[in-house]
Amino acid sequence: MLEDVVVQLGDCLKARAWMMATAESCTGGLVGHTLTNVAGSSQWYLGGIISYANALKTQLLGVDTDILERHGAVSEPCVRAMAQGVCRVTGADVGVALSGIAGPSGGTSDKPVGTVWIGWHVAGQTKAVCEHFAGTRDDVKHQSARAAIFLLMEAMTTR
């Protein structure tokens with residue numbers, strides 16, 4: 001179950017005395033919502049920034065406008081910068097960021113609906129992966145949030 005993974009993630013963070021934060025675009029706060037559904041998450045989760053508009057990605061998270069112009073918001077450089085930025089502005093040790101195209105419109109041949117980049121910043125290292133999800137807008141959002149939590153848990157346990 002997803003809740004069990006969130007509990008494990010929280011335990012990993014608490015064991016290291018680390019705090020985490022989220023930077024979400026296409027998921028609209030769903031990762032933060034999922035994390036805070038677990039009692040005691042305030043011991044390891046600081047909060048999140050929903051930067052749906054590119055202007056907020058630059059203003060709040062410090063994503064360089066050059067990244068957005070050259071690569072777009074749905075890109076590896078963008079989510080890497082978002083993950084680093086949310087750590088910088090919140091003081092978190094761990095950050096996770098998502099940006100994607102949940103649909104039903106907005107996709108292109110290069111970035112079809114369901115394309116989601118997930119980035120994370122853990123202990124000074126930043127990584128990102130591109131995932132492709134299918135289904136309704138809600139399906140894509142939920143699959144994205146779930147994937148982000150599982151990827152972050154994997155990153156925490158393979159350190």
# chains A, B, ... in the order shown; residues from 1 in each chain; ligands from 1
>>> select_by_dssp(residues="chain A", states="strand (DSSP E or B)", output="ChimeraX atom specification")
/A:20-24,45-50,94-100,115-122,125-132
>>> write_last_selection(atoms="N, CA and C atoms", output="compact mmCIF listing (two decimals), in the first residue's frame")
# COMPACT_ATOMS: atom_id res chain seq x y z
N MET A 20 11.66 17.12 4.53
CA MET A 20 11.47 17.16 3.09
C MET A 20 10.40 18.18 2.71
N ALA A 21 10.43 18.55 1.43
CA ALA A 21 9.45 19.47 0.88
C ALA A 21 9.13 19.05 -0.55
N THR A 22 8.01 19.53 -1.06
CA THR A 22 7.57 19.17 -2.41
C THR A 22 7.39 20.42 -3.27
N ALA A 23 7.65 20.24 -4.56
CA ALA A 23 7.39 21.28 -5.57
C ALA A 23 6.57 20.60 -6.66
N GLU A 24 5.31 20.97 -6.76
CA GLU A 24 4.41 20.26 -7.67
C GLU A 24 3.81 21.20 -8.71
N TYR A 45 7.89 16.35 7.19
CA TYR A 45 7.42 17.06 5.99
C TYR A 45 7.16 18.52 6.31
N LEU A 46 7.91 19.41 5.65
CA LEU A 46 7.76 20.84 5.89
C LEU A 46 6.56 21.44 5.17
N GLY A 47 6.33 21.00 3.94
CA GLY A 47 5.25 21.54 3.13
C GLY A 47 5.65 21.56 1.67
N GLY A 48 4.85 22.25 0.88
CA GLY A 48 5.12 22.24 -0.55
C GLY A 48 4.72 23.53 -1.24
N ILE A 49 5.22 23.64 -2.45
CA ILE A 49 4.89 24.77 -3.32
C ILE A 49 4.22 24.20 -4.56
N ILE A 50 3.03 24.70 -4.86
CA ILE A 50 2.36 24.32 -6.09
C ILE A 50 2.66 25.41 -7.10
N VAL A 94 15.59 17.24 1.72
CA VAL A 94 15.12 16.40 0.62
C VAL A 94 13.98 17.13 -0.09
N GLY A 95 14.05 17.14 -1.41
CA GLY A 95 12.98 17.75 -2.18
C GLY A 95 12.57 16.86 -3.33
N VAL A 96 11.29 16.86 -3.65
CA VAL A 96 10.80 16.13 -4.81
C VAL A 96 9.96 17.10 -5.63
N ALA A 97 10.08 16.97 -6.96
CA ALA A 97 9.38 17.89 -7.86
C ALA A 97 8.76 17.13 -9.01
N LEU A 98 7.61 17.60 -9.46
CA LEU A 98 6.91 16.98 -10.59
C LEU A 98 6.42 18.05 -11.55
N SER A 99 6.53 17.76 -12.84
CA SER A 99 5.98 18.62 -13.88
C SER A 99 5.62 17.74 -15.05
N GLY A 100 4.39 17.87 -15.53
CA GLY A 100 3.96 16.99 -16.61
C GLY A 100 2.72 17.47 -17.31
N THR A 115 3.02 12.40 -20.10
CA THR A 115 4.46 12.59 -19.87
C THR A 115 4.64 13.36 -18.57
N VAL A 116 5.40 12.80 -17.66
CA VAL A 116 5.65 13.46 -16.37
C VAL A 116 7.12 13.29 -16.01
N TRP A 117 7.77 14.41 -15.72
CA TRP A 117 9.13 14.37 -15.19
C TRP A 117 9.06 14.47 -13.67
N ILE A 118 9.82 13.61 -13.01
CA ILE A 118 9.89 13.59 -11.55
C ILE A 118 11.36 13.77 -11.17
N GLY A 119 11.63 14.77 -10.35
CA GLY A 119 13.00 15.03 -9.92
C GLY A 119 13.08 15.00 -8.40
N TRP A 120 14.25 14.67 -7.90
CA TRP A 120 14.44 14.67 -6.45
C TRP A 120 15.84 15.13 -6.12
N HIS A 121 15.95 15.76 -4.96
CA HIS A 121 17.23 16.27 -4.45
C HIS A 121 17.40 15.67 -3.06
N VAL A 122 18.41 14.83 -2.92
CA VAL A 122 18.67 14.14 -1.66
C VAL A 122 20.16 14.25 -1.34
N GLN A 125 22.58 15.53 -3.99
CA GLN A 125 22.52 14.93 -5.32
C GLN A 125 21.12 15.10 -5.89
N THR A 126 21.07 15.49 -7.16
CA THR A 126 19.79 15.71 -7.83
C THR A 126 19.67 14.78 -9.02
N LYS A 127 18.54 14.11 -9.10
CA LYS A 127 18.28 13.17 -10.20
C LYS A 127 16.86 13.36 -10.70
N ALA A 128 16.59 12.82 -11.88
CA ALA A 128 15.25 12.93 -12.45
C ALA A 128 14.99 11.79 -13.41
N VAL A 129 13.72 11.44 -13.55
CA VAL A 129 13.30 10.43 -14.51
C VAL A 129 12.04 10.91 -15.22
N CYS A 130 11.86 10.42 -16.43
CA CYS A 130 10.65 10.72 -17.19
C CYS A 130 9.77 9.48 -17.17
N GLU A 131 8.52 9.68 -16.82
CA GLU A 131 7.54 8.60 -16.79
C GLU A 131 6.43 8.91 -17.79
N HIS A 132 5.76 7.86 -18.23
CA HIS A 132 4.62 8.02 -19.14
C HIS A 132 3.44 7.24 -18.55
>>> select_by_dssp(residues="range 54-148 of chain A", states="helix (DSSP H, G or I)", output="ChimeraX atom specification")
/A:54-61,65-71,76-90,137-148
>>> atom_distance(atom1="CA of Phe133 in chain A", atom2="CA of Val113 in chain A")
8.1 Å
>>> closest_residue(among="A:Met1, A:Val38, A:Met153, A:Val79", to="Thr58 in chain A", atoms="only C-alpha atoms")
A:Val79
>>> closest_residue(among="A:Gln43, A:Thr158, A:Gln84, A:Ser25", to="Gly62 in chain A", atoms="only C-alpha atoms")
A:Gln84
>>> closest_residue(among="A:Ala147, A:Leu35, A:Leu61, A:Leu30", to="Asp4 in chain A", atoms="only C-alpha atoms")
A:Leu35
>>> closest_residue(among="A:Val63, A:Gly135, A:Leu9, A:Gly72", to="Arg88 in chain A", atoms="only C-alpha atoms")
A:Val63
>>> closest_residue(among="A:Gly40, A:Gly106, A:Gly29, A:Pro112", to="His142 in chain A", atoms="only C-alpha atoms")
A:Gly29
>>> closest_residue(among="A:Lys57, A:Lys111, A:His33, A:Arg70", to="Arg146 in chain A", atoms="only C-alpha atoms")
A:His33
>>> residues_around(residues="Ala17 in chain A", least_positions_apart="5", cutoff="10 Å", atoms="only C-alpha atoms", output="number ranges by chain")
A: 11-12, 43-44, 93
>>> atom_distance(atom1="CA of Gly103 in chain A", atom2="CA of Glu3 in chain A")
26.2 Å
